[in-house]
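Coordinates as given in upload.pdb (PDB, C-alpha atoms, pLDDT in the B column):
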MODEL        1
ATOM      1  CA  MET K   1      -2.395 -29.835 -30.106  1.00 40.00           C
ATOM      2  CA  SER K   2      -4.635 -27.566 -28.049  1.00 38.00           C
ATOM      3  CA  PHE K   3      -4.151 -26.603 -24.448  1.00 41.00           C
ATOM      4  CA  GLY K   4      -7.319 -24.548 -24.017  1.00 41.00           C
ATOM      5  CA  HIS K   5      -7.582 -21.279 -22.143  1.00 40.00           C
ATOM      6  CA  PRO K   6      -6.032 -20.855 -18.711  1.00 42.00           C
ATOM      7  CA  ALA K   7      -8.384 -20.265 -15.819  1.00 43.00           C
ATOM      8  CA  GLY K   8      -8.802 -16.771 -14.403  1.00 39.00           C
ATOM      9  CA  LEU K   9      -8.386 -13.350 -15.910  1.00 35.00           C
ATOM     10  CA  PRO K  10      -5.623 -12.881 -18.484  1.00 36.00           C
ATOM     11  CA  GLY K  11      -2.720 -10.833 -17.195  1.00 34.00           C
ATOM     12  CA  VAL K  12      -3.837 -11.019 -13.565  1.00 36.00           C
ATOM     13  CA  ASP K  13      -1.902 -13.096 -11.063  1.00 40.00           C
ATOM     14  CA  ALA K  14      -4.000 -15.275  -8.813  1.00 40.00           C
ATOM     15  CA  MET K  15      -1.709 -14.340  -5.947  1.00 49.00           C
ATOM     16  CA  THR K  16       0.309 -11.179  -5.481  1.00 51.00           C
ATOM     17  CA  PRO K  17       3.004 -11.985  -2.940  1.00 57.00           C
ATOM     18  CA  ASN K  18       4.286  -8.418  -2.733  1.00 69.00           C
ATOM     19  CA  ALA K  19       1.045  -6.920  -1.424  1.00 87.00           C
ATOM     20  CA  LEU K  20       0.010  -5.587   1.958  1.00 92.00           C
ATOM     21  CA  VAL K  21      -3.728  -5.355   2.574  1.00 94.00           C
ATOM     22  CA  VAL K  22      -4.966  -2.809   5.111  1.00 94.00           C
ATOM     23  CA  THR K  23      -8.591  -2.969   6.231  1.00 94.00           C
ATOM     24  CA  GLY K  24     -10.839  -1.523   8.897  1.00 95.00           C
ATOM     25  CA  ARG K  25     -10.336   1.602  10.930  1.00 96.00           C
ATOM     26  CA  ILE K  26      -6.673   2.456  11.469  1.00 96.00           C
ATOM     27  CA  THR K  27      -5.655   3.812  14.849  1.00 96.00           C
ATOM     28  CA  ARG K  28      -2.275   5.159  15.916  1.00 96.00           C
ATOM     29  CA  ALA K  29      -1.819   1.952  17.911  1.00 97.00           C
ATOM     30  CA  ASP K  30      -2.120  -0.061  14.660  1.00 96.00           C
ATOM     31  CA  VAL K  31       0.718   1.744  12.883  1.00 97.00           C
ATOM     32  CA  PRO K  32       3.698  -0.122  14.446  1.00 97.00           C
ATOM     33  CA  ALA K  33       2.115  -3.491  13.643  1.00 96.00           C
ATOM     34  CA  LEU K  34       1.455  -2.431  10.040  1.00 96.00           C
ATOM     35  CA  CYS K  35       5.078  -1.322   9.706  1.00 97.00           C
ATOM     36  CA  ALA K  36       6.292  -4.619  11.158  1.00 96.00           C
ATOM     37  CA  GLU K  37       4.073  -6.516   8.727  1.00 95.00           C
ATOM     38  CA  LEU K  38       5.540  -4.594   5.791  1.00 95.00           C
ATOM     39  CA  GLU K  39       9.087  -5.153   7.080  1.00 95.00           C
ATOM     40  CA  ALA K  40       8.413  -8.896   7.281  1.00 93.00           C
ATOM     41  CA  LEU K  41       6.970  -8.901   3.765  1.00 92.00           C
ATOM     42  CA  LEU K  42       9.950  -7.011   2.371  1.00 92.00           C
ATOM     43  CA  SER K  43      12.483  -9.226   4.130  1.00 90.00           C
ATOM     44  CA  GLY K  44      10.973 -12.221   2.337  1.00 86.00           C
ATOM     45  CA  LEU K  45      11.191 -10.534  -1.083  1.00 84.00           C
ATOM     46  CA  PRO K  46      14.738  -9.234  -1.509  1.00 83.00           C
ATOM     47  CA  GLY K  47      15.370  -7.135  -4.578  1.00 85.00           C
ATOM     48  CA  ILE K  48      11.785  -6.070  -5.302  1.00 88.00           C
ATOM     49  CA  ALA K  49      11.240  -2.532  -6.543  1.00 89.00           C
ATOM     50  CA  VAL K  50       7.536  -2.060  -5.780  1.00 89.00           C
ATOM     51  CA  VAL K  51       5.190  -3.281  -3.091  1.00 90.00           C
ATOM     52  CA  ASP K  52       1.432  -2.782  -3.411  1.00 89.00           C
ATOM     53  CA  CYS K  53      -0.598  -1.657  -0.424  1.00 91.00           C
ATOM     54  CA  ASP K  54      -4.328  -2.190  -0.890  1.00 91.00           C
ATOM     55  CA  VAL K  55      -6.168   0.300   1.295  1.00 91.00           C
ATOM     56  CA  GLY K  56      -9.601  -0.234  -0.256  1.00 91.00           C
ATOM     57  CA  GLY K  57     -10.921  -1.738   2.971  1.00 94.00           C
ATOM     58  CA  VAL K  58      -9.961   1.213   5.159  1.00 95.00           C
ATOM     59  CA  VAL K  59     -13.010   2.776   6.796  1.00 95.00           C
ATOM     60  CA  GLN K  60     -13.310   6.260   8.285  1.00 96.00           C
ATOM     61  CA  PRO K  61      -9.816   7.364   7.265  1.00 95.00           C
ATOM     62  CA  ASP K  62      -8.333  10.097   9.425  1.00 96.00           C
ATOM     63  CA  LEU K  63      -4.884  11.393  10.336  1.00 95.00           C
ATOM     64  CA  ALA K  64      -3.961   8.009  11.832  1.00 96.00           C
ATOM     65  CA  ALA K  65      -4.420   6.489   8.364  1.00 95.00           C
ATOM     66  CA  VAL K  66      -2.287   9.267   6.886  1.00 94.00           C
ATOM     67  CA  GLU K  67       0.395   8.566   9.488  1.00 95.00           C
ATOM     68  CA  ALA K  68       0.245   4.873   8.592  1.00 95.00           C
ATOM     69  CA  VAL K  69       0.772   5.642   4.896  1.00 93.00           C
ATOM     70  CA  ALA K  70       3.672   7.968   5.673  1.00 92.00           C
ATOM     71  CA  ARG K  71       5.386   5.462   7.946  1.00 94.00           C
ATOM     72  CA  LEU K  72       4.796   2.577   5.540  1.00 94.00           C
ATOM     73  CA  GLY K  73       6.396   4.703   2.838  1.00 91.00           C
ATOM     74  CA  LEU K  74       9.433   5.239   5.060  1.00 93.00           C
ATOM     75  CA  VAL K  75       9.695   1.518   5.813  1.00 94.00           C
ATOM     76  CA  ALA K  76       9.609   0.765   2.091  1.00 92.00           C
ATOM     77  CA  ARG K  77      12.181   3.423   1.269  1.00 90.00           C
ATOM     78  CA  ARG K  78      14.528   2.240   4.005  1.00 92.00           C
ATOM     79  CA  ALA K  79      14.302  -1.277   2.579  1.00 91.00           C
ATOM     80  CA  GLY K  80      16.435  -0.257  -0.375  1.00 88.00           C
ATOM     81  CA  GLY K  81      14.313   2.340  -2.122  1.00 88.00           C
ATOM     82  CA  VAL K  82      11.253   0.148  -2.580  1.00 90.00           C
ATOM     83  CA  GLU K  83       8.266   2.082  -3.916  1.00 88.00           C
ATOM     84  CA  LEU K  84       5.036   1.804  -1.942  1.00 89.00           C
ATOM     85  CA  ARG K  85       2.118   1.848  -4.374  1.00 88.00           C
ATOM     86  CA  LEU K  86      -1.287   2.419  -2.818  1.00 88.00           C
ATOM     87  CA  ARG K  87      -4.213   0.667  -4.485  1.00 87.00           C
ATOM     88  CA  ASN K  88      -7.965   1.189  -4.199  1.00 88.00           C
ATOM     89  CA  VAL K  89      -7.553   4.412  -2.271  1.00 87.00           C
ATOM     90  CA  PRO K  90     -10.878   5.590  -0.800  1.00 90.00           C
ATOM     91  CA  ALA K  91     -11.734   9.140  -1.867  1.00 88.00           C
ATOM     92  CA  GLU K  92     -11.594  10.363   1.742  1.00 92.00           C
ATOM     93  CA  LEU K  93      -8.082   8.997   2.252  1.00 90.00           C
ATOM     94  CA  GLY K  94      -6.915  10.408  -1.071  1.00 87.00           C
ATOM     95  CA  ALA K  95      -8.248  13.833  -0.095  1.00 89.00           C
ATOM     96  CA  LEU K  96      -6.446  13.687   3.259  1.00 92.00           C
ATOM     97  CA  LEU K  97      -3.182  12.672   1.588  1.00 89.00           C
ATOM     98  CA  ASP K  98      -3.532  15.629  -0.782  1.00 87.00           C
ATOM     99  CA  LEU K  99      -4.433  17.953   2.089  1.00 90.00           C
ATOM    100  CA  VAL K 100      -1.304  17.166   4.077  1.00 89.00           C
ATOM    101  CA  GLY K 101       0.866  17.269   0.950  1.00 84.00           C
ATOM    102  CA  LEU K 102       1.986  13.670   1.216  1.00 77.00           C
ATOM    103  CA  SER K 103       1.581  12.975  -2.484  1.00 68.00           C
ATOM    104  CA  ALA K 104       3.988  15.781  -3.405  1.00 49.00           C
ATOM    105  CA  VAL K 105       6.504  15.378  -0.581  1.00 42.00           C
ATOM    106  CA  GLN K 106       6.801  11.609  -0.337  1.00 44.00           C
ATOM    107  CA  ALA K 107       8.387  10.594  -3.650  1.00 42.00           C
ATOM    108  CA  HIS K 108       8.274   6.887  -2.859  1.00 46.00           C
ATOM    109  CA  VAL K 109       4.546   6.849  -2.127  1.00 53.00           C
ATOM    110  CA  ARG K 110       2.116   7.003  -5.006  1.00 56.00           C
ATOM    111  CA  TRP K 111      -1.427   5.829  -5.352  1.00 58.00           C
ATOM    112  CA  ASP K 112      -3.750   4.664  -8.043  1.00 59.00           C
ATOM    113  CA  PRO K 113      -7.199   6.076  -7.217  1.00 58.00           C
ATOM    114  CA  GLU K 114     -10.263   3.920  -7.656  1.00 54.00           C
TER     115      GLU K 114
ENDMDL
END
Show me, as structure tokens, the structure contained in the file I just sent.
Amino acid sequence: MSFGHPAGLPGVDAMTPNALVVTGRITRADVPALCAELEALLSGLPGIAVVDCDVGGVVQPDLAAVEAVARLGLVARRAGGVELRLRNVPAELGALLDLVGLSAVQAHVRWDPE
């Protein structure tokens, strides 16, 4: 009996429910809404250890984007030690995170560069 090959890429979920996608230019006014969105996501996924945050669509990252990452990391940590894993980090944002020392200080925030 043959079942054939499943559709899609092997080892890649079609949907990743524990992911937050951040796009566009982030302002300080956007940060509370992003935190609330992450809180809502985490409340629907009790017991998870890692949540992915795709920041590949962030444009013109500045200190507001850094603040967003820091506060999202705190939200995740306060939700029971959940790790916030940044994905598709633009080079500019990665450089800013290094510059302010966030990668070394914030143990629960890590990123996988492009």
Run the PyMOL selection byres ((chain K and resi 38-40) around 10) against the file shown and list the residues it catches, as a short mmCIF file (atom, residue, chain, number, x, y, z; two decimals) with C-alpha atoms, in the coordinates of the input.
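Written file, expr39.cif:
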data_model
loop_
_atom_site.label_atom_id
_atom_site.label_comp_id
_atom_site.auth_asym_id
_atom_site.auth_seq_id
_atom_site.Cartn_x
_atom_site.Cartn_y
_atom_site.Cartn_z
CA ASN K 18 4.29 -8.42 -2.73
CA ALA K 19 1.04 -6.92 -1.42
CA LEU K 20 0.01 -5.59 1.96
CA VAL K 21 -3.73 -5.36 2.57
CA PRO K 32 3.70 -0.12 14.45
CA ALA K 33 2.12 -3.49 13.64
CA LEU K 34 1.46 -2.43 10.04
CA CYS K 35 5.08 -1.32 9.71
CA ALA K 36 6.29 -4.62 11.16
CA GLU K 37 4.07 -6.52 8.73
CA LEU K 41 6.97 -8.90 3.76
CA LEU K 42 9.95 -7.01 2.37
CA SER K 43 12.48 -9.23 4.13
CA GLY K 44 10.97 -12.22 2.34
CA LEU K 45 11.19 -10.53 -1.08
CA VAL K 51 5.19 -3.28 -3.09
CA CYS K 53 -0.60 -1.66 -0.42
CA LEU K 72 4.80 2.58 5.54
CA GLY K 73 6.40 4.70 2.84
CA VAL K 75 9.70 1.52 5.81
CA ALA K 76 9.61 0.76 2.09
CA ARG K 78 14.53 2.24 4.00
CA ALA K 79 14.30 -1.28 2.58
#
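Shortest separation to Leu99 in chain K among K:Val55, K:Ala29, K:Val82, K:Val66 occurs at residue K:Val66, atoms counted being all atoms listed in the file.
The two atoms in question, CA of Asp30 in chain K and CA of Val50 in chain K, are spaced 22.7 Å apart.
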task: Fewer than 6 positions away in the same chain doesn't count, so skip those; otherwise give me all residues within 10 Å of Gly57 in chain K, counting only C-alpha atoms, as a PyMOL selection string.
output: chain K and resi 21-25+88-90
task: Could you give me, as a count of residues only, the residues that sit within 9 Å of (-13.7, 8.0, 11.5) in the file's coordinates, counting all atoms listed in the file?
output: 6
Could you give me the centre and size, in Å to one decimal, of an axis-aligned box around all listed atoms of range 93-102 of chain K with 5 Å added on every side, as JSON?
{"center_x": -3.1, "center_y": 13.5, "center_z": 1.5, "size_x": 20.2, "size_y": 19.0, "size_z": 15.1}
message: Using all atoms listed in the file and a cutoff of 6 Å, can you tell me which residues are near (4.3, 1.5, -5.1) in the file's coordinates, and write them out as a ChimeraX atom specification?
response: /K:50-52,83-85,110
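Separating CA of Thr27 in chain K from CA of Ala49 in chain K is a distance of 28.0 Å.
One distance worth recording is that between CA of Pro46 in chain K and CA of Ala70 in chain K, which is 21.7 Å.
Each of K:Arg87, K:Gly81, K:Gly101, K:Glu92 was compared to Asp54 in chain K using only C-alpha atoms, and K:Arg87 turns out to be the nearest.
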statement: Residue with the minimum atom-to-atom distance to Ala95 in chain K, picked from K:Val31, K:Leu74, K:Gly80, K:Ala65 with all atoms listed in the file counted, is K:Ala65
